[in-house]
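> For reference, the file start14.cif (mmCIF, C-alpha atoms) is included below:
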data_coords
loop_
_atom_site.group_PDB
_atom_site.id
_atom_site.type_symbol
_atom_site.label_atom_id
_atom_site.label_comp_id
_atom_site.auth_asym_id
_atom_site.auth_seq_id
_atom_site.Cartn_x
_atom_site.Cartn_y
_atom_site.Cartn_z
ATOM 1 C CA LYS A 13 -29.744 -30.950 -8.526
ATOM 2 C CA ASP A 14 -29.975 -32.186 -4.925
ATOM 3 C CA GLN A 15 -32.810 -34.481 -6.028
ATOM 4 C CA GLY A 16 -30.711 -35.897 -8.879
ATOM 5 C CA LYS A 17 -32.947 -34.486 -11.615
ATOM 6 C CA ILE A 18 -30.156 -32.428 -13.188
ATOM 7 C CA GLY A 19 -26.420 -32.995 -13.239
ATOM 8 C CA ASN A 20 -24.889 -29.544 -13.312
ATOM 9 C CA ILE A 21 -25.911 -25.919 -13.089
ATOM 10 C CA GLY A 22 -24.202 -23.182 -15.034
ATOM 11 C CA VAL A 23 -24.600 -19.516 -15.769
ATOM 12 C CA SER A 24 -23.904 -17.439 -18.866
ATOM 13 C CA THR A 25 -22.434 -14.150 -17.688
ATOM 14 C CA HIS A 26 -21.543 -10.718 -19.049
ATOM 15 C CA THR A 27 -19.325 -9.149 -16.385
ATOM 16 C CA VAL A 28 -16.270 -10.200 -14.448
ATOM 17 C CA GLU A 29 -18.042 -9.631 -11.139
ATOM 18 C CA GLY A 30 -21.045 -11.695 -12.227
ATOM 19 C CA GLY A 31 -18.821 -14.366 -13.708
ATOM 20 C CA ARG A 32 -16.771 -14.781 -10.561
ATOM 21 C CA LEU A 33 -19.959 -15.041 -8.500
ATOM 22 C CA ALA A 34 -21.362 -17.610 -10.937
ATOM 23 C CA VAL A 35 -18.197 -19.685 -10.581
ATOM 24 C CA ASP A 36 -18.561 -19.607 -6.798
ATOM 25 C CA LEU A 37 -22.252 -20.589 -6.865
ATOM 26 C CA SER A 38 -22.523 -23.024 -9.778
ATOM 27 C CA ASP A 39 -20.741 -25.867 -11.541
ATOM 28 C CA CYS A 40 -19.755 -24.008 -14.681
ATOM 29 C CA VAL A 41 -19.800 -20.628 -16.352
ATOM 30 C CA MET A 42 -20.117 -19.361 -19.922
ATOM 31 C CA VAL A 43 -18.107 -16.264 -20.825
ATOM 32 C CA SER A 44 -17.358 -14.205 -23.913
ATOM 33 C CA TYR A 45 -13.739 -14.600 -24.968
ATOM 34 C CA ASN A 46 -11.743 -14.385 -28.191
ATOM 35 C CA ARG A 47 -8.582 -12.852 -29.645
ATOM 36 C CA SER A 48 -10.275 -9.467 -29.882
ATOM 37 C CA TYR A 49 -11.986 -9.571 -26.474
ATOM 38 C CA THR A 50 -10.296 -10.860 -23.334
ATOM 39 C CA GLY A 51 -12.208 -8.777 -20.802
ATOM 40 C CA GLU A 52 -13.542 -11.844 -18.987
ATOM 41 C CA ARG A 53 -10.214 -13.701 -18.733
ATOM 42 C CA ALA A 54 -10.271 -13.185 -14.949
ATOM 43 C CA VAL A 55 -13.418 -15.333 -14.799
ATOM 44 C CA ILE A 56 -11.683 -18.124 -16.731
ATOM 45 C CA ASP A 57 -8.726 -17.947 -14.363
ATOM 46 C CA HIS A 58 -11.004 -17.978 -11.297
ATOM 47 C CA ALA A 59 -12.923 -21.001 -12.588
ATOM 48 C CA HIS A 60 -9.698 -22.802 -13.465
ATOM 49 C CA ALA A 61 -8.356 -22.235 -9.951
ATOM 50 C CA LYS A 62 -11.565 -23.707 -8.513
ATOM 51 C CA GLY A 63 -11.694 -26.656 -10.925
ATOM 52 C CA LYS A 64 -14.914 -25.455 -12.554
ATOM 53 C CA ALA A 65 -15.859 -25.831 -16.214
ATOM 54 C CA VAL A 66 -15.684 -22.854 -18.583
ATOM 55 C CA LEU A 67 -17.653 -22.674 -21.810
ATOM 56 C CA VAL A 68 -16.660 -19.892 -24.195
ATOM 57 C CA LYS A 69 -19.239 -18.025 -26.241
ATOM 58 C CA LYS A 70 -18.382 -15.522 -28.977
ATOM 59 C CA GLY A 71 -15.107 -17.336 -29.596
ATOM 60 C CA PHE A 72 -15.502 -16.471 -33.274
ATOM 61 C CA ALA A 73 -15.858 -12.742 -32.486
ATOM 62 C CA SER A 74 -19.588 -12.797 -33.255
ATOM 63 C CA GLY A 75 -18.890 -13.634 -36.894
ATOM 64 C CA HIS A 76 -16.513 -10.712 -37.483
ATOM 65 C CA ILE A 77 -13.687 -12.854 -38.839
ATOM 66 C CA ASP A 78 -12.629 -12.410 -42.441
ATOM 67 C CA SER A 79 -10.815 -15.617 -43.387
ATOM 68 C CA LEU A 80 -10.595 -19.311 -42.609
ATOM 69 C CA GLY A 81 -7.025 -18.806 -41.393
ATOM 70 C CA ASP A 82 -8.096 -16.069 -38.997
ATOM 71 C CA LEU A 83 -10.982 -18.239 -37.790
ATOM 72 C CA THR A 84 -8.546 -21.072 -37.155
ATOM 73 C CA GLU A 85 -6.332 -18.749 -35.132
ATOM 74 C CA HIS A 86 -9.341 -17.640 -33.053
ATOM 75 C CA ILE A 87 -10.147 -21.285 -32.317
ATOM 76 C CA ARG A 88 -6.567 -22.046 -31.331
ATOM 77 C CA PHE A 89 -6.426 -18.959 -29.119
ATOM 78 C CA VAL A 90 -9.550 -20.002 -27.234
ATOM 79 C CA ILE A 91 -8.839 -23.706 -26.819
ATOM 80 C CA ARG A 92 -5.231 -23.124 -25.771
ATOM 81 C CA THR A 93 -6.310 -20.883 -22.903
ATOM 82 C CA PRO A 94 -5.804 -22.729 -19.606
ATOM 83 C CA GLY A 95 -9.160 -23.319 -17.946
ATOM 84 C CA VAL A 96 -11.289 -23.295 -21.091
ATOM 85 C CA THR A 97 -13.331 -26.486 -21.211
ATOM 86 C CA SER A 98 -15.424 -25.964 -24.355
ATOM 87 C CA LEU A 99 -15.935 -23.570 -27.227
ATOM 88 C CA VAL A 100 -19.610 -23.104 -28.032
ATOM 89 C CA PHE A 101 -20.703 -21.509 -31.286
ATOM 90 C CA GLY A 102 -23.927 -20.812 -33.060
ATOM 91 C CA SER A 103 -24.616 -20.251 -36.693
ATOM 92 C CA ILE A 104 -26.676 -18.267 -39.136
ATOM 93 C CA SER A 105 -26.793 -20.767 -42.020
ATOM 94 C CA PRO A 106 -25.787 -24.279 -43.137
ATOM 95 C CA ASP A 107 -22.887 -22.763 -45.127
ATOM 96 C CA ASN A 108 -21.676 -21.034 -41.975
ATOM 97 C CA ILE A 109 -21.823 -24.316 -40.056
ATOM 98 C CA ARG A 110 -19.736 -26.007 -42.768
ATOM 99 C CA ALA A 111 -17.182 -23.176 -42.711
ATOM 100 C CA ASN A 112 -16.944 -23.421 -38.929
ATOM 101 C CA ALA A 113 -16.485 -27.189 -39.141
ATOM 102 C CA ARG A 114 -13.663 -26.726 -41.689
ATOM 103 C CA ALA A 115 -11.983 -24.253 -39.350
ATOM 104 C CA VAL A 116 -12.252 -26.642 -36.410
ATOM 105 C CA THR A 117 -10.774 -29.444 -38.546
ATOM 106 C CA ALA A 118 -7.935 -27.190 -39.698
ATOM 107 C CA SER A 119 -7.267 -26.110 -36.119
ATOM 108 C CA ALA A 120 -7.178 -29.724 -34.926
ATOM 109 C CA ALA A 121 -4.706 -30.610 -37.686
ATOM 110 C CA LEU A 122 -2.438 -27.744 -36.610
ATOM 111 C CA GLU A 123 -2.620 -28.897 -32.977
ATOM 112 C CA GLN A 124 -1.381 -32.379 -33.986
ATOM 113 C CA ARG A 125 1.813 -30.982 -35.536
#
Just give me the structure of the file as structure tokens.


Amino acid sequence: KDQGKIGNIGVSTHTVEGGRLAVDLSDCVMVSYNRSYTGERAVIDHAHAKGKAVLVKKGFASGHIDSLGDLTEHIRFVIRTPGVTSLVFGSISPDNIRANARAVTASAALEQR
């Protein structure tokens, strides 16, 4: 980073202690966070107070969401949290990617109301 070869350094964490340390030592942090799991909220708050970026993983509860409406609510919960910069999600299939994209679109439409 000092040589200009990379822009930012971040860490994906699993504990509040590790997450807070990552915030202090890097540019951004990735934490698990969703409606069913808020155990790392303190890391989000710490990063927000320090002006650091927060990427959320497992925002869709690791795929344990039963309906498009519930998925939309998970998205809204995550992106409305002060300090959250981005919601990152993976996928298991093209159909899953399409379903996630529909949920994001539905969530964005609700936010515009």

> Between A:Asn112, A:Tyr49, A:Lys13, A:Met42, single out the one closest to A:Ser79, counting all atoms listed in the file.

A:Asn112

> Which one of A:Asn46, A:Thr25, A:Ser98, A:Ser119 sits closest to A:Ser74 if you count all atoms listed in the file?

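Closest to A:Ser74 of all the choices is A:Asn46.
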
> Once the PyMOL selection byres ((chain A and resi 61) around 12) has been applied to the shown file, what residues remain in the selection, as a list in words?

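Taken over the shown coordinates, the PyMOL selection byres ((chain A and resi 61) around 12) returns Arg32, Val35, Asp36, Ala54, Val55, Ile56, Asp57, His58, Ala59, His60, Lys62, Gly63, Lys64, Ala65, Val66, Pro94, Gly95 and Val96 of chain A.
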
> Convert the output of the PyMOL selection byres ((chain A and resi 20) around 9) on the shown file into explicit residues, formatted as a ChimeraX atom specification.

/A:13,18-19,21-22,38-40

> Considering all atoms listed in the file, give me a table of residues in stretch 23-87 of chain A that are at most 12 Å from stretch 103-110 of chain A, with the closest atom pair and distance in Å for each, as CSV.


residue,atom,partner,partner_atom,distance
A:Lys69,CA,A:Ser103,CA,12.0
A:Lys70,CA,A:Ser103,CA,11.0
A:Phe72,CA,A:Ser103,CA,10.4
A:Ser74,CA,A:Ser103,CA,9.6
A:Gly75,CA,A:Ser103,CA,8.8
A:Ile77,CA,A:Asn108,CA,11.9
A:Leu80,CA,A:Asn108,CA,11.2
A:Leu83,CA,A:Asn108,CA,11.8

> From the options A:Glu52, A:Glu29, A:Glu85, A:Asp14, which residue's atoms come nearest to A:Val116, counting all atoms listed in the file?

A:Glu85

> Could you tell me how far atom CA of A:Leu99 lies from atom CA of A:Gln15, in Å and to one decimal?

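About the pair atom CA of A:Leu99 and atom CA of A:Gln15: they are 29.2 Å apart.
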
> Name the closest residue to A:Gly71 among the candidates A:Val90, A:Ala118, A:Ala111, A:Leu33; distances are taken between atoms, counting all atoms listed in the file.

A:Val90

> Taking (-5.7, -13.5, -28.9) in the file's coordinates as the center, which residues reach within 7 Å of it, counting all atoms listed in the file, put as a PyMOL selection string?

chain A and resi 46-48+86+89

> Assuming 6 Å of padding per side, give the centre and edge lengths of the axis-aligned box around every listed atom of stretch 61-78 of chain A, in Å to one decimal and as JSON.


{"center_x": -14.0, "center_y": -18.7, "center_z": -25.5, "size_x": 23.2, "size_y": 27.9, "size_z": 45.9}

> Could you tell me how far atom CA of A:Val68 sits from atom CA of A:Gly51, in Å to one decimal place?

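If I compute the distance from atom CA of A:Gly51 to atom CA of A:Val68, I get 12.4 Å.
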
> Find the residue from A:Thr84, A:His76, A:Thr97, A:Gly102 that sits nearest to A:Ala115; use only C-alpha atoms when measuring.

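Checking each candidate against A:Ala115, we get A:Thr84 as the closest.
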
> One decimal, in Å: what's the spacing between atom CA of A:Val23 and atom CA of A:Val41?

5.0 Å

> Would you mind completing stretch 35-46 of chain A so that it carries all heavy atoms, and writing it out as a PDB file, in the coordinates of the input?


ATOM      1  N   VAL A  35     -19.155 -18.605 -10.840  1.00  0.00           N
ATOM      2  CA  VAL A  35     -18.197 -19.685 -10.581  1.00  0.00           C
ATOM      3  C   VAL A  35     -18.341 -20.174  -9.151  1.00  0.00           C
ATOM      4  O   VAL A  35     -18.358 -21.373  -8.882  1.00  0.00           O
ATOM      5  CB  VAL A  35     -16.749 -19.219 -10.849  1.00  0.00           C
ATOM      6  CG1 VAL A  35     -15.737 -20.207 -10.288  1.00  0.00           C
ATOM      7  CG2 VAL A  35     -16.518 -19.000 -12.344  1.00  0.00           C
ATOM      8  N   ASP A  36     -18.468 -19.238  -8.213  1.00  0.00           N
ATOM      9  CA  ASP A  36     -18.561 -19.607  -6.798  1.00  0.00           C
ATOM     10  C   ASP A  36     -19.866 -20.339  -6.459  1.00  0.00           C
ATOM     11  O   ASP A  36     -19.885 -21.158  -5.548  1.00  0.00           O
ATOM     12  CB  ASP A  36     -18.440 -18.359  -5.917  1.00  0.00           C
ATOM     13  CG  ASP A  36     -17.049 -17.742  -5.974  1.00  0.00           C
ATOM     14  OD1 ASP A  36     -16.086 -18.436  -6.362  1.00  0.00           O
ATOM     15  OD2 ASP A  36     -16.931 -16.539  -5.636  1.00  0.00           O
ATOM     16  N   LEU A  37     -20.933 -20.054  -7.210  1.00  0.00           N
ATOM     17  CA  LEU A  37     -22.252 -20.589  -6.865  1.00  0.00           C
ATOM     18  C   LEU A  37     -22.749 -21.708  -7.773  1.00  0.00           C
ATOM     19  O   LEU A  37     -23.806 -22.280  -7.499  1.00  0.00           O
ATOM     20  CB  LEU A  37     -23.283 -19.456  -6.860  1.00  0.00           C
ATOM     21  CG  LEU A  37     -23.038 -18.331  -5.855  1.00  0.00           C
ATOM     22  CD1 LEU A  37     -24.068 -17.218  -6.045  1.00  0.00           C
ATOM     23  CD2 LEU A  37     -23.051 -18.855  -4.430  1.00  0.00           C
ATOM     24  N   SER A  38     -22.027 -22.009  -8.839  1.00  0.00           N
ATOM     25  CA  SER A  38     -22.523 -23.024  -9.778  1.00  0.00           C
ATOM     26  C   SER A  38     -21.389 -23.967 -10.186  1.00  0.00           C
ATOM     27  O   SER A  38     -20.263 -23.845  -9.707  1.00  0.00           O
ATOM     28  CB  SER A  38     -23.142 -22.351 -11.004  1.00  0.00           C
ATOM     29  OG  SER A  38     -22.158 -21.679 -11.768  1.00  0.00           O
ATOM     30  N   ASP A  39     -21.713 -24.877 -11.087  1.00  0.00           N
ATOM     31  CA  ASP A  39     -20.741 -25.867 -11.541  1.00  0.00           C
ATOM     32  C   ASP A  39     -19.913 -25.400 -12.732  1.00  0.00           C
ATOM     33  O   ASP A  39     -18.820 -25.898 -12.966  1.00  0.00           O
ATOM     34  CB  ASP A  39     -21.463 -27.163 -11.927  1.00  0.00           C
ATOM     35  CG  ASP A  39     -22.259 -27.721 -10.765  1.00  0.00           C
ATOM     36  OD1 ASP A  39     -21.654 -27.964  -9.704  1.00  0.00           O
ATOM     37  OD2 ASP A  39     -23.480 -27.904 -10.915  1.00  0.00           O
ATOM     38  N   CYS A  40     -20.469 -24.490 -13.501  1.00  0.00           N
ATOM     39  CA  CYS A  40     -19.755 -24.008 -14.681  1.00  0.00           C
ATOM     40  C   CYS A  40     -20.234 -22.607 -15.041  1.00  0.00           C
ATOM     41  O   CYS A  40     -21.254 -22.139 -14.542  1.00  0.00           O
ATOM     42  CB  CYS A  40     -19.934 -24.951 -15.863  1.00  0.00           C
ATOM     43  SG  CYS A  40     -21.620 -25.133 -16.435  1.00  0.00           S
ATOM     44  N   VAL A  41     -19.482 -21.988 -15.929  1.00  0.00           N
ATOM     45  CA  VAL A  41     -19.800 -20.628 -16.352  1.00  0.00           C
ATOM     46  C   VAL A  41     -19.552 -20.522 -17.851  1.00  0.00           C
ATOM     47  O   VAL A  41     -18.706 -21.227 -18.405  1.00  0.00           O
ATOM     48  CB  VAL A  41     -18.950 -19.602 -15.560  1.00  0.00           C
ATOM     49  CG1 VAL A  41     -17.477 -19.742 -15.867  1.00  0.00           C
ATOM     50  CG2 VAL A  41     -19.413 -18.185 -15.786  1.00  0.00           C
ATOM     51  N   MET A  42     -20.324 -19.648 -18.505  1.00  0.00           N
ATOM     52  CA  MET A  42     -20.117 -19.361 -19.922  1.00  0.00           C
ATOM     53  C   MET A  42     -19.753 -17.892 -20.044  1.00  0.00           C
ATOM     54  O   MET A  42     -20.481 -17.028 -19.559  1.00  0.00           O
ATOM     55  CB  MET A  42     -21.369 -19.668 -20.746  1.00  0.00           C
ATOM     56  CG  MET A  42     -21.175 -19.406 -22.232  1.00  0.00           C
ATOM     57  SD  MET A  42     -22.665 -19.689 -23.205  1.00  0.00           S
ATOM     58  CE  MET A  42     -22.645 -21.466 -23.290  1.00  0.00           C
ATOM     59  N   VAL A  43     -18.599 -17.631 -20.689  1.00  0.00           N
ATOM     60  CA  VAL A  43     -18.107 -16.264 -20.825  1.00  0.00           C
ATOM     61  C   VAL A  43     -17.811 -15.944 -22.284  1.00  0.00           C
ATOM     62  O   VAL A  43     -17.558 -16.838 -23.087  1.00  0.00           O
ATOM     63  CB  VAL A  43     -16.827 -16.041 -19.990  1.00  0.00           C
ATOM     64  CG1 VAL A  43     -17.082 -16.248 -18.516  1.00  0.00           C
ATOM     65  CG2 VAL A  43     -15.688 -16.924 -20.464  1.00  0.00           C
ATOM     66  N   SER A  44     -17.811 -14.671 -22.606  1.00  0.00           N
ATOM     67  CA  SER A  44     -17.358 -14.205 -23.913  1.00  0.00           C
ATOM     68  C   SER A  44     -15.845 -14.111 -23.875  1.00  0.00           C
ATOM     69  O   SER A  44     -15.270 -13.585 -22.910  1.00  0.00           O
ATOM     70  CB  SER A  44     -17.937 -12.825 -24.227  1.00  0.00           C
ATOM     71  OG  SER A  44     -19.337 -12.876 -24.327  1.00  0.00           O
ATOM     72  N   TYR A  45     -15.197 -14.620 -24.946  1.00  0.00           N
ATOM     73  CA  TYR A  45     -13.739 -14.600 -24.968  1.00  0.00           C
ATOM     74  C   TYR A  45     -13.261 -14.926 -26.371  1.00  0.00           C
ATOM     75  O   TYR A  45     -13.726 -15.890 -26.988  1.00  0.00           O
ATOM     76  CB  TYR A  45     -13.214 -15.643 -23.972  1.00  0.00           C
ATOM     77  CG  TYR A  45     -11.718 -15.699 -23.813  1.00  0.00           C
ATOM     78  CD1 TYR A  45     -11.022 -14.674 -23.188  1.00  0.00           C
ATOM     79  CD2 TYR A  45     -11.013 -16.796 -24.271  1.00  0.00           C
ATOM     80  CE1 TYR A  45      -9.643 -14.743 -23.027  1.00  0.00           C
ATOM     81  CE2 TYR A  45      -9.635 -16.881 -24.115  1.00  0.00           C
ATOM     82  CZ  TYR A  45      -8.959 -15.844 -23.489  1.00  0.00           C
ATOM     83  OH  TYR A  45      -7.600 -15.922 -23.319  1.00  0.00           O
ATOM     84  N   ASN A  46     -12.361 -14.114 -26.899  1.00  0.00           N
ATOM     85  CA  ASN A  46     -11.743 -14.385 -28.191  1.00  0.00           C
ATOM     86  C   ASN A  46     -10.499 -13.518 -28.328  1.00  0.00           C
ATOM     87  O   ASN A  46     -10.161 -12.767 -27.412  1.00  0.00           O
ATOM     88  CB  ASN A  46     -12.736 -14.170 -29.347  1.00  0.00           C
ATOM     89  CG  ASN A  46     -13.276 -12.759 -29.405  1.00  0.00           C
ATOM     90  OD1 ASN A  46     -12.534 -11.803 -29.589  1.00  0.00           O
ATOM     91  ND2 ASN A  46     -14.593 -12.625 -29.237  1.00  0.00           N
TER      92      ASN A  46
END
